[in-house]
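What follows is a set of notes on a single structure, which appears directly below.
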Amino acid sequence: MNTSARQPVPPASAPSPIIAILAGGTSSEREVSLRSGEACAAALAKHFPVEHIIIDRNALPAALSPARHVVFSTLHGTFGEDGGMQRLLEEAGIHYAGCDAASSAFTMDKTRTKRAAAARGVRTIAGLTFSARHNKPSATQIIAQLGPDLVLKPNAEGSSVGLRIIENRAQLETALDAARDGDWLVERRIHGRELAVGVLNGRAMGIVEIRPKSGIYDYESKYTAGKTDYLAPAPFDDATAAVIRRNAEVAFEACGCRDFARIDFFFTPENEILLIEINTLPGMTATSLLPKSAACAGLDFENLLREMVAPALARHAAAP
């Protein structure tokens with residue numbers, strides 16, 4: 001008779017969750033999102049089980065399971081960056097990478113973002129916000145406050161959608177007349193160096209300088225090959241670079257961001273660092289700005305994505 005003690009059998013480890021990559025969506029940035037989704041799916045599939053899900057309506061995919069999936073969204077624009085999909089994921093108990101619904105909605109509003117960052121000492125661009133239907137100012141009122149050299153853009157869109165460069169009163173009057181609906185932001189136009197800084201888990205990465213050949217970093221300059229030059233890392237002395245990165249970290253924290261985001265600035269000839277906006281779900285092809293920022297910090301595209309999804313995997317593992 002065998003009297004030796006029977007060794008307990010360790011419980012089977014839970015299977016690794018599937019990374020569900022959401023792409024497409026219904027916003028004006030659908031095509032960019034599809035490219036981001038393809039790039040991220042290919043990179044993450046080298047390390048995790050992956051499902052690539054194309055979103056065609058503003059609804060939660062029925063196949064998603066809180067037990068089986070962790071979501072990595074590449075939805076840009078409305079129902080992506082604005083917290084719409086994030087809110088549905090939270091209601092369903094599904095863990096996901098990136099900023100939560102509240103901070104996503106907050107940072108989609110450029111004016112609220114600027115106010116929160118300014119309260120923490122981050123300088124912002126002078127501007128004013130108005131409703132095209134209810135309190136549209138006159139050209140005279142805007143020029144008296146901000147001057148005639150301006151930028152007009154929707155207050156809650158990404159990728160420079162709807163951006164207009166204004167150089168004189170006639171152009172401003174035409175642009176105001178064309179703005180028939182929604183909330184708009186008009187800002188003093190800054191003639192300086194445009195910068196992007198990726199923030200990963202609260203720490204700023206490299207600084208990327210954006211030099212559009214047209215002089216305007218609009219939708220065409222962002223997404224047409226050869227239209228823009230990028231300097232990564234941007235040429236700054238160590239002290240100035242440290243201040244820019246610190247501003248990015250402060251803005252990230254001030255707006256309640258988590259996991260990752262991209263923070264955009266202007267650097268003026270007077271050495272002012274001025275916040276433009278925070279993008280919580282930025283473009284994610286291998287040549288996009290956030291990956292360029294990460295490359296400056298020694299992270300290639302695959303390892304960047306592993307770092308971006310790691311906190312969500314940890315939250316999934318810790319869930320009861």
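Chain lettering (A, B, ...) mirrors the order of the structure tokens, residue numbering begins at 1 for each chain separately, and ligand numbering begins at 1 in order of display.
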
Based on DSSP run over this structure's backbone, return all residues of stretch 119-316 of chain A in strand (DSSP E or B), as a PyMOL selection string. chain A and resi 124+127-131+150-154+164-166+183-188+193-200+203-212+228-231+260-267+273-279

If we count only C-alpha atoms, what is near A:Leu34 at a cut-off of 9 Å, once residues fewer than 5 positions away on the same chain are taken out, given as a VMD selection string? chain A and resid 22 to 25 29 39 54 74 to 75

Contacts of A:Phe301 within 12 Å, only C-alpha atoms, excl. fewer than 6 positions in-chain, as a count of residues only: 22

Give the answer as one residue: which of A:Met108, A:Ile263, A:Val70, A:Leu176 has the shortest atom-to-atom distance to A:Glu90, using only C-alpha atoms?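 Checking each of A:Met108, A:Ile263, A:Val70, A:Leu176 against A:Glu90, counting only C-alpha atoms, the winner is A:Val70.
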
For A:Ile278, the nearest of the candidates A:Leu152, A:Leu313, A:Ala105, A:Ala234, counting only C-alpha atoms: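 Selected residue with least distance to A:Ile278: A:Ala105.
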
Extract, using only C-alpha atoms, all DNA, RNA and protein residues at most 12 Å from A:Arg203, discarding same-chain residues fewer than 5 positions from it, and format them as number ranges by chain. A: 197-198, 242, 244-253, 257-263, 293-294, 297

Could you please write out, as a ChimeraX atom specification, every residue of stretch 182-310 of chain A that DSSP assigns to helix (DSSP H, G or I)? /A:219-223,238-254,289-296,301-310

Rounded to one decimal, what separation in Å do you get between atom CA of A:Ile207 and atom CA of A:Pro233?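 Taking atom CA of A:Ile207 and atom CA of A:Pro233, their separation equals 5.4 Å.
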
Might you pull out every residue within 9 Å of A:Phe79, with only C-alpha atoms counted and same-chain residues fewer than 5 positions away left off, and present them as a PyMOL selection string? chain A and resi 25-27+58+84-86

Using only N, CA and C atoms, please write the residues we just selected to a file, as a PDB file, in the first residue's frame.
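Result file out15.pdb:
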```
ATOM      1  N   GLY A  25     -15.039  52.108 -37.658  1.00  0.00           N
ATOM      2  CA  GLY A  25     -15.907  53.078 -37.027  1.00  0.00           C
ATOM      3  C   GLY A  25     -16.691  53.896 -38.039  1.00  0.00           C
ATOM      4  N   THR A  26     -17.417  54.876 -37.534  1.00  0.00           N
ATOM      5  CA  THR A  26     -18.334  55.652 -38.365  1.00  0.00           C
ATOM      6  C   THR A  26     -17.922  57.105 -38.519  1.00  0.00           C
ATOM      7  N   SER A  27     -16.766  57.479 -38.000  1.00  0.00           N
ATOM      8  CA  SER A  27     -16.354  58.878 -38.041  1.00  0.00           C
ATOM      9  C   SER A  27     -15.689  59.215 -39.372  1.00  0.00           C
ATOM     10  N   ASN A  58     -22.254  52.392 -34.383  1.00  0.00           N
ATOM     11  CA  ASN A  58     -21.921  52.832 -33.029  1.00  0.00           C
ATOM     12  C   ASN A  58     -22.539  51.891 -32.000  1.00  0.00           C
ATOM     13  N   GLY A  84     -17.277  57.168 -26.450  1.00  0.00           N
ATOM     14  CA  GLY A  84     -18.492  56.418 -26.741  1.00  0.00           C
ATOM     15  C   GLY A  84     -18.306  54.915 -26.649  1.00  0.00           C
ATOM     16  N   MET A  85     -17.329  54.363 -27.347  1.00  0.00           N
ATOM     17  CA  MET A  85     -17.057  52.936 -27.265  1.00  0.00           C
ATOM     18  C   MET A  85     -16.553  52.554 -25.879  1.00  0.00           C
ATOM     19  N   GLN A  86     -15.730  53.403 -25.278  1.00  0.00           N
ATOM     20  CA  GLN A  86     -15.204  53.110 -23.947  1.00  0.00           C
ATOM     21  C   GLN A  86     -16.330  52.951 -22.920  1.00  0.00           C
TER      22      GLN A  86
END
```

In Å, with one decimal, what is the gap from atom CA of A:His76 to atom CA of A:Ser33? 5.8 Å

Taking into account only C-alpha atoms, which residue in the set A:Leu172, A:Leu64, A:Ala20, A:Ile210 is nearest to A:Leu195? A:Ile210

Looking at only C-alpha atoms, which of A:Leu150, A:Cys255, A:Ala175, A:Val32 is the one that sits closest to A:Asp109?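 Ranked by minimum distance to A:Asp109, first place goes to A:Cys255.
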